[in-house]
Amino acid sequence: STVCSMLITTMLSCKTTTKSLSIMRRTNIFPSSTLWNNFKRNYVVYPPRIADIKSSGNIGDSVEVQGWVRTHRVQRNVAFLEINDGSCLSHMQLVGSADDFKHVLNGSSVKVTGKLVESPGQKQNKELLVSKIDVLGASTDKYPMQPKKHTMEYLREVA
């Protein structure tokens with residue numbers, strides 16, 4: 001009980017992340033699952049979801065979002081990424097320089113920080129102007145397969 005209260009005090013003095021949560025859960029500090037669930041619900045800081053940002057994010061806010069790259073388009077100086085975290089069916093469009101996005105491929109897991117701006121496009125009303133992008137899990141050129149017609153021989157090779 002004293003160890004539990006000391007740990008909770010320590011955790012509350014800094015931001016509790018999902019990594020520290022897994023450490024706490026493995027050490028069985030919480031005697032019951034009810035205490036564990038209450039702690040997670042009240043004190044854990046999760047990254048914002050794309051659905052929440054799209055519905056209640058204010059233009060001009062600095063936002064950090066995580067997700068998987070669904071599409072990747074590079075033009076001369078500007079590149080566009082669409083990422084999804086599974087919280088909604090629509091994607092979040094990211095805009096940045098082509099040099100920043102050259103190492104990001106479809107299927108990669110990314111953590112992006114940027115400024116929420118009004119989109120000039122018609123498909124979405126907000127987009128993220130990227131200031132920093134971190135690749136958490138890289139993908140290869142072969143996976144996922146590009147959305148185009150493939151021959152049966154090619155499909156047998158990659159299966």
# chains A, B, ... in the order shown; residues from 1 in each chain; ligands from 1
$ residues_around --residues "His72 of chain A" --least-positions-apart "3" --cutoff "10 Å" --atoms "only C-alpha atoms" --output "list in words"
Val69, Ala79, Phe80, Leu81, Glu82, Ile83, Gln93, Leu94, Phe101, Lys102, Val104, Leu105, Asn106 and Gly107 of chain A
$ write_last_selection --atoms "N, CA, C and O atoms" --output "PDB file, in the first residue's frame"
ATOM      1  N   VAL A  69       1.015   5.623 -42.139  1.00  0.00           N
ATOM      2  CA  VAL A  69       0.939   6.327 -43.413  1.00  0.00           C
ATOM      3  C   VAL A  69       0.096   5.509 -44.385  1.00  0.00           C
ATOM      4  O   VAL A  69       0.390   4.349 -44.648  1.00  0.00           O
ATOM      5  N   ALA A  79       5.321  17.929 -50.135  1.00  0.00           N
ATOM      6  CA  ALA A  79       4.900  16.535 -50.051  1.00  0.00           C
ATOM      7  C   ALA A  79       3.652  16.438 -49.181  1.00  0.00           C
ATOM      8  O   ALA A  79       3.449  17.248 -48.277  1.00  0.00           O
ATOM      9  N   PHE A  80       2.826  15.454 -49.482  1.00  0.00           N
ATOM     10  CA  PHE A  80       1.590  15.226 -48.746  1.00  0.00           C
ATOM     11  C   PHE A  80       1.576  13.797 -48.231  1.00  0.00           C
ATOM     12  O   PHE A  80       1.896  12.865 -48.962  1.00  0.00           O
ATOM     13  N   LEU A  81       1.223  13.649 -46.975  1.00  0.00           N
ATOM     14  CA  LEU A  81       1.008  12.334 -46.386  1.00  0.00           C
ATOM     15  C   LEU A  81      -0.405  12.292 -45.849  1.00  0.00           C
ATOM     16  O   LEU A  81      -0.938  13.312 -45.406  1.00  0.00           O
ATOM     17  N   GLU A  82      -1.008  11.133 -45.896  1.00  0.00           N
ATOM     18  CA  GLU A  82      -2.266  10.924 -45.194  1.00  0.00           C
ATOM     19  C   GLU A  82      -2.013   9.823 -44.189  1.00  0.00           C
ATOM     20  O   GLU A  82      -1.531   8.750 -44.542  1.00  0.00           O
ATOM     21  N   ILE A  83      -2.324  10.111 -42.919  1.00  0.00           N
ATOM     22  CA  ILE A  83      -2.130   9.108 -41.875  1.00  0.00           C
ATOM     23  C   ILE A  83      -3.464   8.796 -41.211  1.00  0.00           C
ATOM     24  O   ILE A  83      -4.401   9.596 -41.251  1.00  0.00           O
ATOM     25  N   GLN A  93      -4.524  14.774 -43.293  1.00  0.00           N
ATOM     26  CA  GLN A  93      -3.530  15.135 -44.298  1.00  0.00           C
ATOM     27  C   GLN A  93      -2.419  15.952 -43.661  1.00  0.00           C
ATOM     28  O   GLN A  93      -2.674  16.883 -42.915  1.00  0.00           O
ATOM     29  N   LEU A  94      -1.178  15.575 -43.976  1.00  0.00           N
ATOM     30  CA  LEU A  94       0.001  16.275 -43.495  1.00  0.00           C
ATOM     31  C   LEU A  94       0.683  16.945 -44.682  1.00  0.00           C
ATOM     32  O   LEU A  94       0.777  16.359 -45.755  1.00  0.00           O
ATOM     33  N   PHE A 101       9.918  14.363 -46.039  1.00  0.00           N
ATOM     34  CA  PHE A 101       9.118  13.151 -46.191  1.00  0.00           C
ATOM     35  C   PHE A 101       9.751  12.099 -47.089  1.00  0.00           C
ATOM     36  O   PHE A 101       9.140  11.086 -47.371  1.00  0.00           O
ATOM     37  N   LYS A 102      10.974  12.313 -47.568  1.00  0.00           N
ATOM     38  CA  LYS A 102      11.548  11.375 -48.538  1.00  0.00           C
ATOM     39  C   LYS A 102      11.842   9.998 -47.931  1.00  0.00           C
ATOM     40  O   LYS A 102      11.860   9.008 -48.636  1.00  0.00           O
ATOM     41  N   VAL A 104       9.900   8.512 -45.669  1.00  0.00           N
ATOM     42  CA  VAL A 104       8.654   7.938 -45.171  1.00  0.00           C
ATOM     43  C   VAL A 104       7.957   7.190 -46.305  1.00  0.00           C
ATOM     44  O   VAL A 104       7.756   7.739 -47.379  1.00  0.00           O
ATOM     45  N   LEU A 105       7.586   5.932 -46.057  1.00  0.00           N
ATOM     46  CA  LEU A 105       6.923   5.113 -47.067  1.00  0.00           C
ATOM     47  C   LEU A 105       5.529   4.711 -46.587  1.00  0.00           C
ATOM     48  O   LEU A 105       5.225   4.795 -45.394  1.00  0.00           O
ATOM     49  N   ASN A 106       4.707   4.253 -47.521  1.00  0.00           N
ATOM     50  CA  ASN A 106       3.381   3.754 -47.158  1.00  0.00           C
ATOM     51  C   ASN A 106       3.510   2.617 -46.158  1.00  0.00           C
ATOM     52  O   ASN A 106       4.356   1.741 -46.304  1.00  0.00           O
ATOM     53  N   GLY A 107       2.665   2.626 -45.147  1.00  0.00           N
ATOM     54  CA  GLY A 107       2.682   1.577 -44.132  1.00  0.00           C
ATOM     55  C   GLY A 107       3.569   1.874 -42.944  1.00  0.00           C
ATOM     56  O   GLY A 107       3.553   1.144 -41.958  1.00  0.00           O
TER      57      GLY A 107
END
$ residues_around --residues "Trp68 of chain A" --least-positions-apart "6" --cutoff "7 Å" --atoms "only C-alpha atoms" --output "list in words"
Ile83, Asn84, Asp85, Gly107, Ser108, Ser109 and Val110 of chain A
$ atom_distance --atom1 "atom CA of Tyr154 of chain A" --atom2 "atom CA of Ala138 of chain A"
23.1 Å
$ closest_residue --among "A:Val117, A:Ile53, A:Leu89, A:Ile133" --to "Arg70 of chain A" --atoms "only C-alpha atoms"
A:Leu89
$ residues_around --residues "Cys88 of chain A" --least-positions-apart "4" --cutoff "9 Å" --atoms "only C-alpha atoms" --output "list in words"
Arg49, Ile50, Ala51 and Asn84 of chain A
